[in-house]
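Down below is the structure, laid out as structure tokens.
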Amino acid sequence: MSVISLTTDFGDLYPAAMKAVILGINPEVQVVDITHSIRQAGIREGAFALYSLVPYFPAKSVHVGVVDPGVGTSRRALAVKAGSKGEEQFFVGPDNGLLIPAARRLGDMEVYEITNKELMLKSGISATFHGRDIFAPVGARLSKSMPIELVGHRISDFVDLDFGNFGVDGPFLIGEVVFADSFGNVITNIPEEAVLKFCTFGSKVEVNGRKVSFVRTYGFAGQEKALVLIGSHGFLEIAVNRGSAESQFGLKGGDQVAIKVL
């Protein structure tokens with residue numbers, strides 16, 4: 001059975017329209033919702049959600065990502081193939097960087113601009129809902145083993161995005177927030193290898209001036225106590241045991257985080 005994942009900032013209602021289009025083209029496909037709760041226009045958050053989960057999907061999975069503040073403008077529509085031969089996965093969405101970190105994580109990336117109107121919704125293309133009218137039908141056709149070359153021509157000048165911009169500044173490890181999950185855990189762009197060069201488990205650190213413990217998991221901090229750890233995604237995470245770090249620290253996507261070992 002083929003798999004299509006959906007990642008959007010749509011909330012309710014609109015994802016159902018995308019699923020209806022997908023199932024109309026491929027009624028045998030299994031549709032997996034990664035999330036529809038990305039912050040409105042939160043491209044980096046959506047990119048992180050995709051990036052953190054693609055390694056766990058089977059070969060030939062198709063990922064449709066729609067966080068698209070440029071819908072209806074001159075921004076391009078993309079289809080991407082990534083991964084080693086025989087293990088490829090596919091990505092469909094806007095040319096705003098949303099798909100790129102996840103695709104690059106799989107390796108051997110090929111990027112195509114979607115220009116073939118025969119693959120789009122037959123009833124017409126809305127200026128405001130390319131998720132339903134372009135990305136869903138193209139994704140559904142890819143899930144039926146359509147060669148990606150049929151979507152259009154290959155390009156190299158796509159909009160790039162990564163989770164860089166972290167580093168050391170004197171006694172501080174500096175990064176930024178890329179995602180906050182439904183538990184209120186705040187995920188930064190500082191990778192595990194950088195953190196472990198900087199501090200050890202059990203040490204005390206300051207996070208934006210607030211003292212917390214660097215621990216292996218949530219239960220090593222007292223209830224409602226703040227902590228930092230390496231999350232399952234492999235990045236430094238700020239959390240509160242049975243509470244919300246997002247609320248306690250007042251952090252949101254793009255905010256700077258400064259870690260200092262005490």
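Chain labels A, B, ... are given in the sequence in which chains occur in the structure tokens; within each chain residues are numbered consecutively from 1, and ligands are likewise numbered from 1 in the order shown.
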
What are the DSSP strand (DSSP E or B) residues of region 47-196 of chain A, as an NGL selection string?
-> :A and (62-66 or 77-82 or 89-94 or 110-113 or 154-155 or 167-169 or 172-180 or 186-191)

Restrict the calculation to only C-alpha atoms, then for each residue of region 101-172 of chain A with any atom at most 8 Å from an atom of region 30-48 of chain A give the closest atom pair and their distance in Å to one decimal, rows by chain and rising residue number, as JSON lines.
```
{"residue": "A:Pro101", "atom": "CA", "partner": "A:Ala47", "partner_atom": "CA", "distance": 6.5}
{"residue": "A:Ala102", "atom": "CA", "partner": "A:Ala47", "partner_atom": "CA", "distance": 7.0}
{"residue": "A:Leu161", "atom": "CA", "partner": "A:Arg44", "partner_atom": "CA", "distance": 7.9}
```

All residues 10 Å or closer to Ala82 (chain A), only C-alpha atoms, same chain fewer than 3 positions away omitted, as number ranges by chain = A: 60, 85, 87-91, 100, 102-111

Write a file of the just-selected residues containing C-alpha atoms, as a PDB file, in the first residue's frame.
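Result file is out_23.pdb:
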```pdb
ATOM      1  CA  LYS A  60       8.142   5.424  -2.217  1.00  0.00           C
ATOM      2  CA  LYS A  85      18.042   4.168  -5.624  1.00  0.00           C
ATOM      3  CA  GLU A  87      14.582   3.748  -1.425  1.00  0.00           C
ATOM      4  CA  GLU A  88      13.394   7.069  -2.839  1.00  0.00           C
ATOM      5  CA  GLN A  89      10.700   9.210  -1.285  1.00  0.00           C
ATOM      6  CA  PHE A  90       8.874  12.103  -2.939  1.00  0.00           C
ATOM      7  CA  PHE A  91       7.921  15.611  -1.831  1.00  0.00           C
ATOM      8  CA  ILE A 100      14.251  20.956   1.174  1.00  0.00           C
ATOM      9  CA  ALA A 102      13.687  16.734   4.676  1.00  0.00           C
ATOM     10  CA  ALA A 103      14.608  15.860   1.105  1.00  0.00           C
ATOM     11  CA  ARG A 104      18.267  16.702   1.635  1.00  0.00           C
ATOM     12  CA  ARG A 105      18.309  14.493   4.751  1.00  0.00           C
ATOM     13  CA  LEU A 106      17.528  11.500   2.517  1.00  0.00           C
ATOM     14  CA  GLY A 107      20.264  12.405  -0.003  1.00  0.00           C
ATOM     15  CA  ASP A 108      20.479  12.248  -3.832  1.00  0.00           C
ATOM     16  CA  MET A 109      17.940  15.049  -4.278  1.00  0.00           C
ATOM     17  CA  GLU A 110      16.325  15.920  -7.622  1.00  0.00           C
ATOM     18  CA  VAL A 111      14.029  18.971  -7.802  1.00  0.00           C
TER      19      VAL A 111
END
```

Could you jot down the CA of Ser123 (chain A) to CA of Ala77 (chain A) separation for me, Å, one decimal place?
->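 Those two atoms sit 18.4 Å apart.
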
Which of region 49-223 of chain A fall in alpha helix (DSSP H), as a PDB file with N, CA and C atoms, in the first residue's frame:
```
ATOM      1  N   ALA A  49       9.078  19.798  10.947  1.00  0.00           N
ATOM      2  CA  ALA A  49       8.173  18.668  11.154  1.00  0.00           C
ATOM      3  C   ALA A  49       8.444  17.573  10.126  1.00  0.00           C
ATOM      4  N   LEU A  50       8.575  17.949   8.863  1.00  0.00           N
ATOM      5  CA  LEU A  50       8.885  16.984   7.807  1.00  0.00           C
ATOM      6  C   LEU A  50      10.259  16.353   8.027  1.00  0.00           C
ATOM      7  N   TYR A  51      11.242  17.201   8.297  1.00  0.00           N
ATOM      8  CA  TYR A  51      12.620  16.744   8.475  1.00  0.00           C
ATOM      9  C   TYR A  51      12.726  15.700   9.579  1.00  0.00           C
ATOM     10  N   SER A  52      12.016  15.914  10.658  1.00  0.00           N
ATOM     11  CA  SER A  52      12.159  15.043  11.830  1.00  0.00           C
ATOM     12  C   SER A  52      11.521  13.672  11.628  1.00  0.00           C
ATOM     13  N   LEU A  53      10.616  13.535  10.638  1.00  0.00           N
ATOM     14  CA  LEU A  53       9.857  12.293  10.505  1.00  0.00           C
ATOM     15  C   LEU A  53      10.166  11.476   9.253  1.00  0.00           C
ATOM     16  N   ILE A 100      12.843  21.201   1.459  1.00  0.00           N
ATOM     17  CA  ILE A 100      14.251  20.956   1.174  1.00  0.00           C
ATOM     18  C   ILE A 100      15.013  20.263   2.315  1.00  0.00           C
ATOM     19  N   PRO A 101      14.896  20.691   3.584  1.00  0.00           N
ATOM     20  CA  PRO A 101      15.665  19.992   4.628  1.00  0.00           C
ATOM     21  C   PRO A 101      15.341  18.500   4.709  1.00  0.00           C
ATOM     22  N   ALA A 102      14.070  18.145   4.606  1.00  0.00           N
ATOM     23  CA  ALA A 102      13.687  16.734   4.676  1.00  0.00           C
ATOM     24  C   ALA A 102      14.232  15.966   3.487  1.00  0.00           C
ATOM     25  N   ALA A 103      14.101  16.533   2.300  1.00  0.00           N
ATOM     26  CA  ALA A 103      14.608  15.860   1.105  1.00  0.00           C
ATOM     27  C   ALA A 103      16.119  15.708   1.167  1.00  0.00           C
ATOM     28  N   ARG A 104      16.805  16.761   1.564  1.00  0.00           N
ATOM     29  CA  ARG A 104      18.267  16.702   1.635  1.00  0.00           C
ATOM     30  C   ARG A 104      18.719  15.672   2.669  1.00  0.00           C
ATOM     31  N   ARG A 105      17.954  15.485   3.728  1.00  0.00           N
ATOM     32  CA  ARG A 105      18.309  14.493   4.751  1.00  0.00           C
ATOM     33  C   ARG A 105      18.368  13.089   4.154  1.00  0.00           C
ATOM     34  N   LEU A 106      17.546  12.814   3.147  1.00  0.00           N
ATOM     35  CA  LEU A 106      17.528  11.500   2.517  1.00  0.00           C
ATOM     36  C   LEU A 106      18.641  11.332   1.487  1.00  0.00           C
ATOM     37  N   HIS A 130      -3.769  25.905  -3.695  1.00  0.00           N
ATOM     38  CA  HIS A 130      -2.955  25.003  -4.501  1.00  0.00           C
ATOM     39  C   HIS A 130      -2.747  23.661  -3.805  1.00  0.00           C
ATOM     40  N   ALA A 136      -2.078  18.154  -4.075  1.00  0.00           N
ATOM     41  CA  ALA A 136      -2.762  16.889  -3.778  1.00  0.00           C
ATOM     42  C   ALA A 136      -2.847  15.990  -5.015  1.00  0.00           C
ATOM     43  N   PRO A 137      -3.313  16.492  -6.168  1.00  0.00           N
ATOM     44  CA  PRO A 137      -3.390  15.590  -7.326  1.00  0.00           C
ATOM     45  C   PRO A 137      -2.032  15.126  -7.829  1.00  0.00           C
ATOM     46  N   VAL A 138      -1.021  15.985  -7.793  1.00  0.00           N
ATOM     47  CA  VAL A 138       0.309  15.551  -8.219  1.00  0.00           C
ATOM     48  C   VAL A 138       0.846  14.501  -7.250  1.00  0.00           C
ATOM     49  N   GLY A 139       0.676  14.740  -5.948  1.00  0.00           N
ATOM     50  CA  GLY A 139       1.114  13.753  -4.961  1.00  0.00           C
ATOM     51  C   GLY A 139       0.420  12.420  -5.147  1.00  0.00           C
ATOM     52  N   ALA A 140      -0.878  12.452  -5.421  1.00  0.00           N
ATOM     53  CA  ALA A 140      -1.636  11.217  -5.611  1.00  0.00           C
ATOM     54  C   ALA A 140      -1.121  10.451  -6.819  1.00  0.00           C
ATOM     55  N   ARG A 141      -0.793  11.155  -7.872  1.00  0.00           N
ATOM     56  CA  ARG A 141      -0.284  10.477  -9.080  1.00  0.00           C
ATOM     57  C   ARG A 141       1.117   9.911  -8.851  1.00  0.00           C
ATOM     58  N   LEU A 142       1.931  10.614  -8.098  1.00  0.00           N
ATOM     59  CA  LEU A 142       3.242  10.058  -7.745  1.00  0.00           C
ATOM     60  C   LEU A 142       3.089   8.796  -6.898  1.00  0.00           C
ATOM     61  N   SER A 143       2.077   8.767  -6.062  1.00  0.00           N
ATOM     62  CA  SER A 143       1.855   7.587  -5.219  1.00  0.00           C
ATOM     63  C   SER A 143       1.437   6.373  -6.040  1.00  0.00           C
ATOM     64  N   GLU A 192      22.691  17.648  18.441  1.00  0.00           N
ATOM     65  CA  GLU A 192      23.219  16.884  19.571  1.00  0.00           C
ATOM     66  C   GLU A 192      24.735  16.965  19.671  1.00  0.00           C
ATOM     67  N   GLU A 193      25.439  16.812  18.538  1.00  0.00           N
ATOM     68  CA  GLU A 193      26.900  16.780  18.610  1.00  0.00           C
ATOM     69  C   GLU A 193      27.476  18.095  19.120  1.00  0.00           C
ATOM     70  N   ALA A 194      26.835  19.214  18.787  1.00  0.00           N
ATOM     71  CA  ALA A 194      27.303  20.506  19.281  1.00  0.00           C
ATOM     72  C   ALA A 194      27.043  20.643  20.774  1.00  0.00           C
ATOM     73  N   VAL A 195      25.889  20.160  21.220  1.00  0.00           N
ATOM     74  CA  VAL A 195      25.540  20.255  22.640  1.00  0.00           C
ATOM     75  C   VAL A 195      26.510  19.441  23.487  1.00  0.00           C
ATOM     76  N   LEU A 196      26.802  18.211  23.056  1.00  0.00           N
ATOM     77  CA  LEU A 196      27.632  17.316  23.868  1.00  0.00           C
ATOM     78  C   LEU A 196      29.097  17.730  23.887  1.00  0.00           C
ATOM     79  N   LYS A 197      29.517  18.562  22.960  1.00  0.00           N
ATOM     80  CA  LYS A 197      30.850  19.151  23.035  1.00  0.00           C
ATOM     81  C   LYS A 197      30.894  20.293  24.049  1.00  0.00           C
ATOM     82  N   PHE A 198      29.723  20.800  24.377  1.00  0.00           N
ATOM     83  CA  PHE A 198      29.619  22.007  25.187  1.00  0.00           C
ATOM     84  C   PHE A 198      29.304  21.707  26.650  1.00  0.00           C
TER      85      PHE A 198
END
```

Do you have the CA of Lys81 (chain A)-CA of Tyr112 (chain A) distance handy?
-> 8.5 Å

Give me the region 48-72 of chain A side of the contact with region 9-16 of chain A, cut-off 12 Å, one line per residue showing its nearest atom pair and distance in Å at one decimal, counting only C-alpha atoms, sorted by chain and residue number, as JSON lines.
```
{"residue": "A:Ala49", "atom": "CA", "partner": "A:Asp9", "partner_atom": "CA", "distance": 11.4}
{"residue": "A:Val64", "atom": "CA", "partner": "A:Pro15", "partner_atom": "CA", "distance": 10.9}
{"residue": "A:Gly65", "atom": "CA", "partner": "A:Asp9", "partner_atom": "CA", "distance": 9.2}
{"residue": "A:Val66", "atom": "CA", "partner": "A:Asp9", "partner_atom": "CA", "distance": 7.1}
{"residue": "A:Val67", "atom": "CA", "partner": "A:Asp9", "partner_atom": "CA", "distance": 5.7}
{"residue": "A:Asp68", "atom": "CA", "partner": "A:Asp9", "partner_atom": "CA", "distance": 8.5}
{"residue": "A:Pro69", "atom": "CA", "partner": "A:Asp9", "partner_atom": "CA", "distance": 10.0}
```

Selection to disk with C-alpha atoms, as a short mmCIF file (atom, residue, chain, number, x, y, z; two decimals), in the first residue's frame:
```cif
data_model
loop_
_atom_site.label_atom_id
_atom_site.label_comp_id
_atom_site.auth_asym_id
_atom_site.auth_seq_id
_atom_site.Cartn_x
_atom_site.Cartn_y
_atom_site.Cartn_z
CA ALA A 49 8.17 18.67 11.15
CA VAL A 64 2.70 16.77 0.51
CA GLY A 65 3.67 19.91 2.42
CA VAL A 66 1.59 23.08 2.24
CA VAL A 67 2.71 26.04 4.31
CA ASP A 68 2.33 28.53 1.54
CA PRO A 69 2.03 32.27 2.24
#
```

With distances taken over only C-alpha atoms, which of A:Leu119, A:Val151, A:Val92, A:Val186 is nearest to Ile25 (chain A)?
->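 Looking at the shortest contact to Ile25 (chain A), the residue is A:Leu119.
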
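From CA of Val54 (chain A) back to CA of Ser5 (chain A), the distance works out to 9.6 Å.
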
Contacts of Gly253 (chain A) at 8 Å (only C-alpha atoms; same-chain gap of 4+ positions) as a list in words =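 Contacts, with the query itself left out: Gly42, Glu45, Glu176, Val177, Val178, Phe179 and Ala180 of chain A.
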